file data.pdb (PDB, C-alpha atoms)
ATOM      1  CA  MET Z  29       1.481 -84.401  -0.924
ATOM      2  CA  GLN Z  30       0.659 -80.695  -0.909
ATOM      3  CA  GLN Z  31      -0.282 -79.314   2.490
ATOM      4  CA  LEU Z  32      -3.736 -77.815   2.620
ATOM      5  CA  SER Z  33      -4.367 -74.529   4.287
ATOM      6  CA  PHE Z  34      -7.445 -72.382   4.628
ATOM      7  CA  GLU Z  35      -8.168 -68.756   5.381
ATOM      8  CA  HIS Z  36     -11.415 -67.610   6.933
ATOM      9  CA  ILE Z  37     -12.948 -64.998   4.630
ATOM     10  CA  PHE Z  38     -16.342 -64.344   6.170
ATOM     11  CA  ASP Z  39     -19.342 -65.586   8.108
ATOM     12  CA  ILE Z  40     -22.696 -65.471   6.385
ATOM     13  CA  ASP Z  41     -25.869 -65.444   8.430
ATOM     14  CA  ILE Z  42     -28.877 -66.252   6.268
ATOM     15  CA  ALA Z  43     -32.516 -65.475   7.048
ATOM     16  CA  ILE Z  44     -34.975 -67.930   5.518
ATOM     17  CA  GLY Z  45     -38.396 -66.672   4.469
ATOM     18  CA  ALA Z  46     -41.203 -68.609   2.822
ATOM     19  CA  ARG Z  47     -40.766 -72.271   1.987
ATOM     20  CA  HIS Z  48     -42.475 -73.562  -1.123
ATOM     21  CA  VAL Z  49     -42.924 -77.326  -1.085
ATOM     22  CA  ILE Z  50     -42.833 -78.646  -4.638
ATOM     23  CA  GLY Z  51     -43.127 -82.246  -3.524
ATOM     24  CA  ARG Z  52     -41.608 -85.423  -4.793
ATOM     25  CA  GLY Z  53     -40.338 -85.171  -8.345
ATOM     26  CA  PRO Z  54     -38.010 -87.453 -10.255
ATOM     27  CA  PHE Z  55     -34.993 -86.295  -8.232
ATOM     28  CA  GLY Z  56     -36.471 -86.371  -4.748
ATOM     29  CA  ARG Z  57     -38.509 -84.055  -2.564
ATOM     30  CA  ARG Z  58     -37.950 -80.488  -3.719
ATOM     31  CA  VAL Z  59     -38.412 -77.483  -1.474
ATOM     32  CA  ILE Z  60     -37.679 -73.950  -2.616
ATOM     33  CA  ALA Z  61     -36.745 -71.813   0.343
ATOM     34  CA  GLU Z  62     -36.657 -68.073   0.005
ATOM     35  CA  VAL Z  63     -33.629 -66.282   1.401
ATOM     36  CA  SER Z  64     -35.185 -63.113   2.775
ATOM     37  CA  GLY Z  65     -31.994 -61.405   3.891
ATOM     38  CA  GLY Z  66     -28.872 -61.820   5.920
ATOM     39  CA  THR Z  67     -25.468 -60.458   6.696
ATOM     40  CA  VAL Z  68     -21.900 -61.112   5.625
ATOM     41  CA  ASP Z  69     -19.088 -60.241   7.957
ATOM     42  CA  GLY Z  70     -15.410 -60.937   7.537
ATOM     43  CA  PRO Z  71     -11.987 -59.339   7.511
ATOM     44  CA  ARG Z  72     -12.115 -58.603   3.779
ATOM     45  CA  ILE Z  73     -15.823 -58.285   3.070
ATOM     46  CA  LYS Z  74     -18.873 -56.992   4.883
ATOM     47  CA  GLY Z  75     -22.363 -56.634   3.537
ATOM     48  CA  THR Z  76     -25.906 -57.858   3.331
ATOM     49  CA  ILE Z  77     -27.834 -60.351   1.238
ATOM     50  CA  MET Z  78     -30.126 -58.758  -1.318
ATOM     51  CA  PRO Z  79     -33.649 -60.173  -1.029
ATOM     52  CA  GLY Z  80     -35.723 -61.078  -4.058
ATOM     53  CA  THR Z  81     -33.467 -63.285  -6.099
ATOM     54  CA  ALA Z  82     -32.001 -65.396  -3.321
ATOM     55  CA  GLY Z  83     -33.032 -68.913  -2.488
ATOM     56  CA  ASP Z  84     -32.222 -72.538  -1.938
ATOM     57  CA  TRP Z  85     -33.637 -75.081  -4.362
ATOM     58  CA  VAL Z  86     -33.055 -77.900  -1.921
ATOM     59  CA  LEU Z  87     -33.627 -81.597  -2.640
ATOM     60  CA  ILE Z  88     -34.366 -83.867   0.288
ATOM     61  CA  ALA Z  89     -33.467 -87.535  -0.059
ATOM     62  CA  ASP Z  90     -35.369 -90.361   1.616
ATOM     63  CA  ASP Z  91     -32.684 -90.657   4.293
ATOM     64  CA  GLY Z  92     -33.218 -87.001   5.199
ATOM     65  CA  THR Z  93     -30.064 -85.735   3.491
ATOM     66  CA  PHE Z  94     -30.400 -82.191   2.160
ATOM     67  CA  TYR Z  95     -28.751 -81.474  -1.177
ATOM     68  CA  LEU Z  96     -28.443 -77.708  -1.328
ATOM     69  CA  ASP Z  97     -28.499 -75.605  -4.477
ATOM     70  CA  VAL Z  98     -28.292 -71.956  -3.506
ATOM     71  CA  ARG Z  99     -28.107 -68.687  -5.398
ATOM     72  CA  LEU Z 100     -27.864 -65.348  -3.660
ATOM     73  CA  THR Z 101     -26.367 -61.903  -4.115
ATOM     74  CA  ILE Z 102     -24.268 -60.062  -1.556
ATOM     75  CA  GLU Z 103     -24.187 -56.277  -1.550
ATOM     76  CA  THR Z 104     -21.060 -55.095   0.233
ATOM     77  CA  ASP Z 105     -20.931 -52.059   2.495
ATOM     78  CA  ASP Z 106     -18.799 -50.347  -0.166
ATOM     79  CA  GLY Z 107     -21.298 -50.939  -2.951
ATOM     80  CA  ALA Z 108     -20.066 -54.058  -4.749
ATOM     81  CA  ARG Z 109     -22.437 -56.823  -5.791
ATOM     82  CA  ILE Z 110     -21.235 -60.387  -5.555
ATOM     83  CA  TYR Z 111     -23.203 -63.318  -6.890
ATOM     84  CA  MET Z 112     -22.677 -66.399  -4.723
ATOM     85  CA  THR Z 113     -23.758 -69.931  -5.586
ATOM     86  CA  TYR Z 114     -23.220 -73.143  -3.720
ATOM     87  CA  HIS Z 115     -23.921 -76.794  -3.543
ATOM     88  CA  GLY Z 116     -23.577 -78.730  -0.364
ATOM     89  CA  THR Z 117     -25.025 -81.403   1.853
ATOM     90  CA  ARG Z 118     -26.552 -81.639   5.274
ATOM     91  CA  HIS Z 119     -27.034 -85.000   6.908
ATOM     92  CA  GLY Z 120     -26.899 -86.786  10.202
ATOM     93  CA  ALA Z 121     -28.531 -89.357  12.412
ATOM     94  CA  PRO Z 122     -32.360 -89.425  12.100
ATOM     95  CA  ASP Z 123     -32.899 -88.191  15.674
ATOM     96  CA  VAL Z 124     -30.501 -85.267  15.132
ATOM     97  CA  LEU Z 125     -32.229 -84.309  11.861
ATOM     98  CA  ALA Z 126     -35.599 -84.523  13.638
ATOM     99  CA  ARG Z 127     -34.364 -82.120  16.313
ATOM    100  CA  LEU Z 128     -33.155 -79.730  13.594
ATOM    101  CA  ASP Z 129     -36.514 -79.954  11.818
ATOM    102  CA  SER Z 130     -38.379 -79.133  15.005
ATOM    103  CA  GLY Z 131     -36.419 -75.909  15.333
ATOM    104  CA  GLU Z 132     -34.178 -76.941  18.207
ATOM    105  CA  GLU Z 133     -30.716 -75.562  18.633
ATOM    106  CA  VAL Z 134     -28.350 -78.432  17.747
ATOM    107  CA  ASP Z 135     -24.588 -78.264  18.090
ATOM    108  CA  PRO Z 136     -23.113 -78.334  14.547
ATOM    109  CA  SER Z 137     -20.649 -81.044  15.563
ATOM    110  CA  GLU Z 138     -23.628 -83.431  15.769
ATOM    111  CA  TYR Z 139     -24.289 -83.408  12.018
ATOM    112  CA  TYR Z 140     -22.536 -82.848   8.696
ATOM    113  CA  PHE Z 141     -23.325 -79.551   6.960
ATOM    114  CA  ARG Z 142     -20.801 -78.450   4.341
ATOM    115  CA  THR Z 143     -20.876 -76.375   1.167
ATOM    116  CA  VAL Z 144     -18.570 -75.246  -1.646
ATOM    117  CA  PRO Z 145     -19.380 -71.670  -2.627
ATOM    118  CA  PHE Z 146     -18.313 -69.945  -5.844
ATOM    119  CA  PHE Z 147     -18.399 -66.204  -6.427
ATOM    120  CA  GLU Z 148     -18.852 -63.937  -9.411
ATOM    121  CA  THR Z 149     -18.387 -60.190  -9.501
ATOM    122  CA  GLY Z 150     -17.439 -57.418 -11.884
ATOM    123  CA  ASP Z 151     -16.092 -55.249  -9.097
ATOM    124  CA  GLU Z 152     -12.291 -55.020  -9.268
ATOM    125  CA  ARG Z 153     -11.976 -54.730  -5.497
ATOM    126  CA  TYR Z 154     -13.439 -58.189  -5.095
ATOM    127  CA  ALA Z 155     -12.118 -59.761  -8.324
ATOM    128  CA  TRP Z 156      -9.997 -62.119  -6.203
ATOM    129  CA  MET Z 157     -13.237 -63.870  -5.224
ATOM    130  CA  ASN Z 158     -13.837 -64.887  -8.859
ATOM    131  CA  ARG Z 159     -10.745 -67.054  -8.716
ATOM    132  CA  ILE Z 160     -10.961 -68.982  -5.463
ATOM    133  CA  VAL Z 161     -12.303 -72.317  -4.308
ATOM    134  CA  ALA Z 162     -13.838 -72.154  -0.857
ATOM    135  CA  VAL Z 163     -15.683 -74.275   1.687
ATOM    136  CA  GLY Z 164     -18.497 -73.340   4.023
ATOM    137  CA  LEU Z 165     -19.003 -74.953   7.415
ATOM    138  CA  GLY Z 166     -22.660 -74.788   8.320
ATOM    139  CA  ASP Z 167     -24.596 -74.368  11.529
ATOM    140  CA  ARG Z 168     -28.383 -74.612  11.172
ATOM    141  CA  THR Z 169     -29.542 -72.273  13.883
ATOM    142  CA  PRO Z 170     -33.287 -71.970  14.627
ATOM    143  CA  ARG Z 171     -33.229 -68.635  12.719
ATOM    144  CA  GLY Z 172     -31.519 -69.954   9.614
ATOM    145  CA  PRO Z 173     -28.212 -71.261   8.375
ATOM    146  CA  LEU Z 174     -24.960 -69.676   9.446
ATOM    147  CA  TYR Z 175     -21.782 -70.555   7.571
ATOM    148  CA  SER Z 176     -18.159 -69.787   8.209
ATOM    149  CA  VAL Z 177     -16.587 -69.574   4.758
ATOM    150  CA  HIS Z 178     -12.926 -70.417   4.240
ATOM    151  CA  GLN Z 179     -10.854 -69.962   1.130
ATOM    152  CA  VAL Z 180      -8.765 -72.962   0.110
ATOM    153  CA  LEU Z 181      -5.288 -71.431  -0.118
TER     154      LEU Z 181
ATOM    155  CA  MET Q  23     -15.882 -70.512  14.775
ATOM    156  CA  GLN Q  24     -15.710 -73.995  13.290
ATOM    157  CA  GLN Q  25     -12.291 -74.928  11.921
ATOM    158  CA  VAL Q  26     -11.849 -76.709   8.604
ATOM    159  CA  GLN Q  27     -10.686 -80.281   9.004
ATOM    160  CA  THR Q  28      -9.927 -82.560   6.107
ATOM    161  CA  GLU Q  29      -9.217 -86.197   5.424
ATOM    162  CA  PHE Q  30      -7.333 -87.479   2.386
ATOM    163  CA  LEU Q  31      -9.807 -89.232   0.087
ATOM    164  CA  LEU Q  32      -7.888 -90.175  -3.025
ATOM    165  CA  LYS Q  33      -5.366 -89.150  -5.606
ATOM    166  CA  VAL Q  34      -6.525 -89.275  -9.224
ATOM    167  CA  GLN Q  35      -4.570 -88.909 -12.432
ATOM    168  CA  PHE Q  36      -6.402 -88.350 -15.702
ATOM    169  CA  GLU Q  37      -5.071 -88.892 -19.192
ATOM    170  CA  VAL Q  38      -6.041 -86.088 -21.520
ATOM    171  CA  THR Q  39      -5.052 -86.755 -25.088
ATOM    172  CA  GLU Q  40      -7.263 -84.623 -27.304
ATOM    173  CA  ILE Q  41      -8.141 -80.993 -26.836
ATOM    174  CA  SER Q  42     -10.544 -79.237 -29.182
ATOM    175  CA  ASP Q  43     -10.031 -75.493 -29.216
ATOM    176  CA  LEU Q  44     -13.278 -73.696 -29.989
ATOM    177  CA  GLY Q  45     -11.704 -70.263 -29.775
ATOM    178  CA  PRO Q  46     -13.316 -67.214 -28.259
ATOM    179  CA  THR Q  47     -17.001 -67.748 -27.483
ATOM    180  CA  PRO Q  48     -19.315 -65.347 -25.632
ATOM    181  CA  THR Q  49     -18.102 -66.744 -22.299
ATOM    182  CA  GLY Q  50     -14.362 -67.030 -22.900
ATOM    183  CA  ASN Q  51     -11.912 -69.091 -24.871
ATOM    184  CA  ARG Q  52     -13.483 -72.544 -24.818
ATOM    185  CA  ARG Q  53     -11.482 -75.739 -25.048
ATOM    186  CA  ILE Q  54     -12.962 -79.201 -24.681
ATOM    187  CA  ALA Q  55     -10.520 -81.813 -23.453
ATOM    188  CA  ARG Q  56     -11.297 -85.493 -23.681
ATOM    189  CA  VAL Q  57     -10.436 -87.686 -20.713
ATOM    190  CA  THR Q  58      -9.343 -90.992 -22.231
ATOM    191  CA  GLY Q  59      -8.379 -92.821 -19.060
ATOM    192  CA  GLY Q  60      -6.746 -92.573 -15.720
ATOM    193  CA  HIS Q  61      -6.496 -94.134 -12.322
ATOM    194  CA  PHE Q  62      -7.218 -93.247  -8.735
ATOM    195  CA  GLU Q  63      -6.240 -94.578  -5.370
ATOM    196  CA  GLY Q  64      -7.077 -93.801  -1.767
ATOM    197  CA  PRO Q  65      -7.498 -95.664   1.511
ATOM    198  CA  LYS Q  66     -11.194 -96.400   0.857
ATOM    199  CA  LEU Q  67     -11.400 -96.762  -2.923
ATOM    200  CA  LYS Q  68      -9.250 -97.287  -5.960
ATOM    201  CA  GLY Q  69      -9.735 -97.987  -9.624
ATOM    202  CA  THR Q  70      -9.633 -96.447 -13.067
ATOM    203  CA  ALA Q  71     -11.326 -93.712 -15.075
ATOM    204  CA  VAL Q  72     -13.717 -95.162 -17.632
ATOM    205  CA  PRO Q  73     -12.597 -94.128 -21.117
ATOM    206  CA  GLY Q  74     -16.174 -93.423 -22.203
ATOM    207  CA  PRO Q  75     -17.786 -90.036 -22.193
ATOM    208  CA  GLY Q  76     -15.543 -87.907 -20.024
ATOM    209  CA  GLY Q  77     -14.041 -84.511 -20.463
ATOM    210  CA  ASP Q  78     -13.280 -81.042 -19.313
ATOM    211  CA  TRP Q  79     -15.171 -78.139 -20.875
ATOM    212  CA  LEU Q  80     -12.412 -75.655 -20.046
ATOM    213  CA  ASN Q  81     -12.987 -71.951 -20.267
ATOM    214  CA  PHE Q  82     -10.082 -69.508 -20.488
ATOM    215  CA  THR Q  83     -11.778 -66.368 -19.235
ATOM    216  CA  PRO Q  84     -10.604 -62.834 -20.038
ATOM    217  CA  ASP Q  85      -9.329 -62.324 -16.464
ATOM    218  CA  GLY Q  86      -6.513 -64.768 -17.209
ATOM    219  CA  ALA Q  87      -7.928 -67.634 -15.161
ATOM    220  CA  THR Q  88      -8.937 -71.054 -16.436
ATOM    221  CA  ARG Q  89     -12.263 -72.412 -15.244
ATOM    222  CA  LEU Q  90     -12.798 -76.158 -15.189
ATOM    223  CA  ASP Q  91     -16.055 -77.998 -15.769
ATOM    224  CA  VAL Q  92     -15.440 -81.730 -15.708
ATOM    225  CA  ARG Q  93     -17.492 -84.904 -15.958
ATOM    226  CA  VAL Q  94     -15.862 -88.301 -15.667
ATOM    227  CA  THR Q  95     -16.856 -91.796 -14.614
ATOM    228  CA  LEU Q  96     -14.719 -93.782 -12.229
ATOM    229  CA  LYS Q  97     -14.789 -97.545 -11.892
ATOM    230  CA  THR Q  98     -13.547 -99.074  -8.665
ATOM    231  CA  ASP Q  99     -11.510-102.271  -8.554
ATOM    232  CA  ASP Q 100     -14.649-103.991  -7.213
ATOM    233  CA  ASP Q 101     -16.734-102.808 -10.176
ATOM    234  CA  ALA Q 102     -18.710 -99.909  -8.748
ATOM    235  CA  LEU Q 103     -19.298 -96.976 -11.068
ATOM    236  CA  ILE Q 104     -18.964 -93.484  -9.634
ATOM    237  CA  TYR Q 105     -19.900 -90.372 -11.559
ATOM    238  CA  MET Q 106     -17.577 -87.509 -10.652
ATOM    239  CA  THR Q 107     -18.079 -83.876 -11.601
ATOM    240  CA  TYR Q 108     -16.115 -80.840 -10.634
ATOM    241  CA  SER Q 109     -15.798 -77.148 -11.047
ATOM    242  CA  GLY Q 110     -12.521 -75.495 -10.301
ATOM    243  CA  VAL Q 111     -10.142 -72.751 -11.129
ATOM    244  CA  ARG Q 112      -6.533 -72.452 -12.196
ATOM    245  CA  HIS Q 113      -4.613 -69.209 -12.283
ATOM    246  CA  GLY Q 114      -1.129 -67.834 -11.922
ATOM    247  CA  SER Q 115       1.150 -65.170 -13.305
ATOM    248  CA  PRO Q 116       0.942 -64.645 -17.097
ATOM    249  CA  GLU Q 117       4.411 -66.220 -17.404
ATOM    250  CA  VAL Q 118       3.349 -69.364 -15.496
ATOM    251  CA  MET Q 119       0.087 -69.641 -17.452
ATOM    252  CA  ALA Q 120       2.060 -69.372 -20.723
ATOM    253  CA  ARG Q 121       4.356 -72.213 -19.637
ATOM    254  CA  LEU Q 122       1.313 -74.341 -18.787
ATOM    255  CA  ALA Q 123      -0.291 -73.550 -22.141
ATOM    256  CA  ALA Q 124       2.935 -74.632 -23.867
ATOM    257  CA  GLY Q 125       2.638 -78.043 -22.202
ATOM    258  CA  GLU Q 126       5.474 -77.572 -19.721
ATOM    259  CA  GLU Q 127       5.305 -79.066 -16.258
ATOM    260  CA  VAL Q 128       4.849 -76.313 -13.693
ATOM    261  CA  ASP Q 129       5.430 -76.816  -9.993
ATOM    262  CA  PRO Q 130       2.032 -76.717  -8.229
ATOM    263  CA  SER Q 131       3.325 -74.078  -5.815
ATOM    264  CA  GLU Q 132       3.599 -71.656  -8.744
ATOM    265  CA  LEU Q 133      -0.103 -71.514  -9.404
ATOM    266  CA  TYR Q 134      -3.506 -71.733  -7.774
ATOM    267  CA  PHE Q 135      -5.236 -74.880  -8.993
ATOM    268  CA  ARG Q 136      -8.171 -76.010  -6.880
ATOM    269  CA  ILE Q 137     -11.333 -77.967  -7.524
ATOM    270  CA  ALA Q 138     -14.542 -78.901  -5.727
ATOM    271  CA  PRO Q 139     -15.504 -82.437  -6.792
ATOM    272  CA  ARG Q 140     -18.860 -84.130  -6.260
ATOM    273  CA  PHE Q 141     -19.638 -87.798  -6.517
ATOM    274  CA  GLU Q 142     -22.756 -89.742  -7.445
ATOM    275  CA  THR Q 143     -23.154 -93.488  -7.188
ATOM    276  CA  GLY Q 144     -25.786 -96.161  -6.734
ATOM    277  CA  ALA Q 145     -23.305 -98.642  -5.276
ATOM    278  CA  GLU Q 146     -24.248 -99.270  -1.670
ATOM    279  CA  LYS Q 147     -20.657 -99.731  -0.569
ATOM    280  CA  TYR Q 148     -19.734 -96.236  -1.782
ATOM    281  CA  GLU Q 149     -23.063 -94.565  -1.075
ATOM    282  CA  TRP Q 150     -21.343 -92.307   1.514
ATOM    283  CA  LEU Q 151     -19.633 -90.543  -1.393
ATOM    284  CA  ASN Q 152     -23.006 -89.042  -2.386
ATOM    285  CA  ARG Q 153     -23.140 -87.046   0.827
ATOM    286  CA  ILE Q 154     -19.661 -85.639   1.303
ATOM    287  CA  VAL Q 155     -18.224 -82.279   0.337
ATOM    288  CA  CYS Q 156     -14.689 -82.311  -1.028
ATOM    289  CA  ILE Q 157     -11.978 -80.087  -2.397
ATOM    290  CA  GLY Q 158      -8.886 -80.962  -4.383
ATOM    291  CA  THR Q 159      -5.528 -79.513  -5.241
ATOM    292  CA  GLY Q 160      -4.301 -79.884  -8.801
ATOM    293  CA  HIS Q 161      -1.030 -80.465 -10.573
ATOM    294  CA  ARG Q 162      -0.949 -80.266 -14.378
ATOM    295  CA  LEU Q 163       1.391 -82.820 -15.908
ATOM    296  CA  PRO Q 164       1.970 -82.807 -19.676
ATOM    297  CA  THR Q 165      -0.168 -85.999 -19.913
ATOM    298  CA  GLY Q 166      -3.070 -84.639 -17.881
ATOM    299  CA  PRO Q 167      -3.991 -83.392 -14.438
ATOM    300  CA  VAL Q 168      -3.322 -85.064 -11.102
ATOM    301  CA  TYR Q 169      -5.540 -84.162  -8.160
ATOM    302  CA  THR Q 170      -5.216 -84.846  -4.483
ATOM    303  CA  ILE Q 171      -8.741 -84.852  -3.105
ATOM    304  CA  TYR Q 172      -9.763 -84.331   0.476
ATOM    305  CA  GLN Q 173     -13.088 -84.789   2.185
ATOM    306  CA  ILE Q 174     -14.149 -81.833   4.290
ATOM    307  CA  LEU Q 175     -14.893 -83.356   7.696
TER     308      LEU Q 175
END
call {"tool": "encode", "arguments": {"input": "data.pdb", "output": "structure tokens"}}
result
Amino acid sequence: MQQLSFEHIFDIDIAIGARHVIGRGPFGRRVIAEVSGGTVDGPRIKGTIMPGTAGDWVLIADDGTFYLDVRLTIETDDGARIYMTYHGTRHGAPDVLARLDSGEEVDPSEYYFRTVPFFETGDERYAWMNRIVAVGLGDRTPRGPLYSVHQVL
Amino acid sequence: MQQVQTEFLLKVQFEVTEISDLGPTPTGNRRIARVTGGHFEGPKLKGTAVPGPGGDWLNFTPDGATRLDVRVTLKTDDDALIYMTYSGVRHGSPEVMARLAAGEEVDPSELYFRIAPRFETGAEKYEWLNRIVCIGTGHRLPTGPVYTIYQIL
């Protein structure tokens, strides 16, 4: 079996703005959460999240599981634009999810919050990001989600 | 920072017998590969790939990488159906990619071949699969791909 290894590429700290509750549709309860900004900081990339076209079209299942569907754009400190999309899930025991919902600080080891981001850019300096598979380990802080993103090597 | 921890989920081998080459389209060189069967095995589930609708809508993009877009249905040995989808990427040196294209077996260490699979099922026994985030490492055999898939813990 191949040995898996990972390399940390950045942390992304996301600010959530308005939440638009669409309600229960055929796929579950849909909430569209605006990403109003944020920062990206890592050894190979630093930047901010461009507001306006960033959001999470999250579906919430009856057991409280979040199915994330996120689109956002990073603008790096050297002027590149990187489109980032991810799916992922967040779930845990009902009492832990209730504490998260009420805005409490909950240790991320108490729940499962994982994503698989993909990247798209035309900037040669970051072209390597077009060709990687990565995972994000989430921490839902009271301010918004914070992910450490690791490339699958 | 949280560290990535993984647990082996399963190994899956798909049989790919027919590939339709659509040539250069606006998004890349599109090939559609039919998955005609296969089998999978792991500590918590094993079974076969249903030879119904299943395939990989491969895209050979101008940057030399191959992007995967797969839908298959798995059937466990206790008759649960699991819908599996994945995106992924495969790239290597032009020489390695040419050997792959010619149908040769290439050692997995010679290329980057990673996927991010997702699962969907109504079977209560496997319902946990709906909520996990996974990644996989690929190996392209002349008969089709083999993936070792890990759950991100």
call {"tool": "interface_residues", "arguments": {"input": "data.pdb", "of": "chain Q", "to": "chain Z", "cutoff": "10 Å", "atoms": "only C-alpha atoms", "output": "ChimeraX atom specification"}}
result
/Q:23-28,30,33,85-89,109-113,130-131,134-140,152-161,170,172,174-175
call {"tool": "residues_around", "arguments": {"input": "data.pdb", "residues": "Q:Gly45", "least_positions_apart": "3", "cutoff": "12 Å", "atoms": "only C-alpha atoms", "output": "PyMOL selection string"}}
result
chain Q and resi 41-42+48-54+80-83
call {"tool": "write_last_selection", "arguments": {"input": "data.pdb", "atoms": "C-alpha atoms", "output": "mmCIF file, in the frame of the given file"}}
result
data_model
loop_
_atom_site.group_PDB
_atom_site.id
_atom_site.type_symbol
_atom_site.label_atom_id
_atom_site.label_comp_id
_atom_site.auth_asym_id
_atom_site.auth_seq_id
_atom_site.Cartn_x
_atom_site.Cartn_y
_atom_site.Cartn_z
ATOM 1 C CA ILE Q 41 -8.141 -80.993 -26.836
ATOM 2 C CA SER Q 42 -10.544 -79.237 -29.182
ATOM 3 C CA PRO Q 48 -19.315 -65.347 -25.632
ATOM 4 C CA THR Q 49 -18.102 -66.744 -22.299
ATOM 5 C CA GLY Q 50 -14.362 -67.030 -22.900
ATOM 6 C CA ASN Q 51 -11.912 -69.091 -24.871
ATOM 7 C CA ARG Q 52 -13.483 -72.544 -24.818
ATOM 8 C CA ARG Q 53 -11.482 -75.739 -25.048
ATOM 9 C CA ILE Q 54 -12.962 -79.201 -24.681
ATOM 10 C CA LEU Q 80 -12.412 -75.655 -20.046
ATOM 11 C CA ASN Q 81 -12.987 -71.951 -20.267
ATOM 12 C CA PHE Q 82 -10.082 -69.508 -20.488
ATOM 13 C CA THR Q 83 -11.778 -66.368 -19.235
#
call {"tool": "resolve_selection", "arguments": {"input": "data.pdb", "expression": "the PyMOL selection byres ((chain Q and resi 92) around 8)", "output": "PDB file with C-alpha atoms, in the coordinates of the input"}}
result
ATOM      1  CA  GLY Q  76     -15.543 -87.907 -20.024  1.00  0.00           C
ATOM      2  CA  GLY Q  77     -14.041 -84.511 -20.463  1.00  0.00           C
ATOM      3  CA  ASP Q  78     -13.280 -81.042 -19.313  1.00  0.00           C
ATOM      4  CA  TRP Q  79     -15.171 -78.139 -20.875  1.00  0.00           C
ATOM      5  CA  LEU Q  90     -12.798 -76.158 -15.189  1.00  0.00           C
ATOM      6  CA  ASP Q  91     -16.055 -77.998 -15.769  1.00  0.00           C
ATOM      7  CA  ARG Q  93     -17.492 -84.904 -15.958  1.00  0.00           C
ATOM      8  CA  VAL Q  94     -15.862 -88.301 -15.667  1.00  0.00           C
ATOM      9  CA  MET Q 106     -17.577 -87.509 -10.652  1.00  0.00           C
ATOM     10  CA  THR Q 107     -18.079 -83.876 -11.601  1.00  0.00           C
ATOM     11  CA  TYR Q 108     -16.115 -80.840 -10.634  1.00  0.00           C
ATOM     12  CA  SER Q 109     -15.798 -77.148 -11.047  1.00  0.00           C
TER      13      SER Q 109
END
call {"tool": "atom_distance", "arguments": {"input": "data.pdb", "atom1": "atom CA of Q:Val38", "atom2": "atom CA of Q:Gly166"}}
result
4.9 Å
call {"tool": "axis_aligned_box", "arguments": {"input": "data.pdb", "around": "stretch 42-57 of chain Q", "padding_each_side": "8 Å", "output": "lines of an AutoDock Vina configuration file"}}
result
center_x = -14.7
center_y = -76.5
center_z = -25.4
size_x = 25.3
size_y = 38.3
size_z = 25.3
call {"tool": "resolve_selection", "arguments": {"input": "data.pdb", "expression": "the PyMOL selection byres ((chain Z and resi 84) around 8)", "output": "VMD selection string"}}
result
chain Z and resid 59 to 63 82 to 83 85 to 86 96 to 99
call {"tool": "write_last_selection", "arguments": {"input": "data.pdb", "atoms": "C-alpha atoms", "output": "PDB file, keeping the file's coordinate frame"}}
result
ATOM      1  CA  VAL Z  59     -38.412 -77.483  -1.474  1.00  0.00           C
ATOM      2  CA  ILE Z  60     -37.679 -73.950  -2.616  1.00  0.00           C
ATOM      3  CA  ALA Z  61     -36.745 -71.813   0.343  1.00  0.00           C
ATOM      4  CA  GLU Z  62     -36.657 -68.073   0.005  1.00  0.00           C
ATOM      5  CA  VAL Z  63     -33.629 -66.282   1.401  1.00  0.00           C
ATOM      6  CA  ALA Z  82     -32.001 -65.396  -3.321  1.00  0.00           C
ATOM      7  CA  GLY Z  83     -33.032 -68.913  -2.488  1.00  0.00           C
ATOM      8  CA  TRP Z  85     -33.637 -75.081  -4.362  1.00  0.00           C
ATOM      9  CA  VAL Z  86     -33.055 -77.900  -1.921  1.00  0.00           C
ATOM     10  CA  LEU Z  96     -28.443 -77.708  -1.328  1.00  0.00           C
ATOM     11  CA  ASP Z  97     -28.499 -75.605  -4.477  1.00  0.00           C
ATOM     12  CA  VAL Z  98     -28.292 -71.956  -3.506  1.00  0.00           C
ATOM     13  CA  ARG Z  99     -28.107 -68.687  -5.398  1.00  0.00           C
TER      14      ARG Z  99
END
call {"tool": "atom_distance", "arguments": {"input": "data.pdb", "atom1": "atom CA of Z:Ile88", "atom2": "atom CA of Z:Arg52"}}
result
9.0 Å
call {"tool": "atom_distance", "arguments": {"input": "data.pdb", "atom1": "atom CA of Q:Tyr105", "atom2": "atom CA of Q:Gln173"}}
result
16.3 Å
call {"tool": "closest_residue", "arguments": {"input": "data.pdb", "among": "Q:Val128, Q:Glu149, Q:Leu96, Q:Pro84", "to": "Z:Gly150", "atoms": "only C-alpha atoms"}}
result
Q:Pro84
call {"tool": "residues_around", "arguments": {"input": "data.pdb", "residues": "Q:Gly74", "least_positions_apart": "3", "cutoff": "10 Å", "atoms": "only C-alpha atoms", "output": "mmCIF file with C-alpha atoms, in the coordinates of the input"}}
result
data_model
loop_
_atom_site.group_PDB
_atom_site.id
_atom_site.type_symbol
_atom_site.label_atom_id
_atom_site.label_comp_id
_atom_site.auth_asym_id
_atom_site.auth_seq_id
_atom_site.Cartn_x
_atom_site.Cartn_y
_atom_site.Cartn_z
ATOM 1 C CA ARG Q 56 -11.297 -85.493 -23.681
ATOM 2 C CA VAL Q 57 -10.436 -87.686 -20.713
ATOM 3 C CA THR Q 58 -9.343 -90.992 -22.231
ATOM 4 C CA GLY Q 59 -8.379 -92.821 -19.060
ATOM 5 C CA ALA Q 71 -11.326 -93.712 -15.075
ATOM 6 C CA GLY Q 77 -14.041 -84.511 -20.463
ATOM 7 C CA VAL Q 94 -15.862 -88.301 -15.667
ATOM 8 C CA THR Q 95 -16.856 -91.796 -14.614
#
call {"tool": "residues_around", "arguments": {"input": "data.pdb", "residues": "Z:Arg58", "least_positions_apart": "3", "cutoff": "6 Å", "atoms": "only C-alpha atoms", "output": "list in words"}}
result
Ile50, Gly51, Val86 and Leu87 of chain Z
call {"tool": "residues_around", "arguments": {"input": "data.pdb", "residues": "Z:Ile42", "least_positions_apart": "2", "cutoff": "6 Å", "atoms": "all atoms listed in the file", "output": "list in words"}}
result
Gly66, Gly172 and Pro173 of chain Z
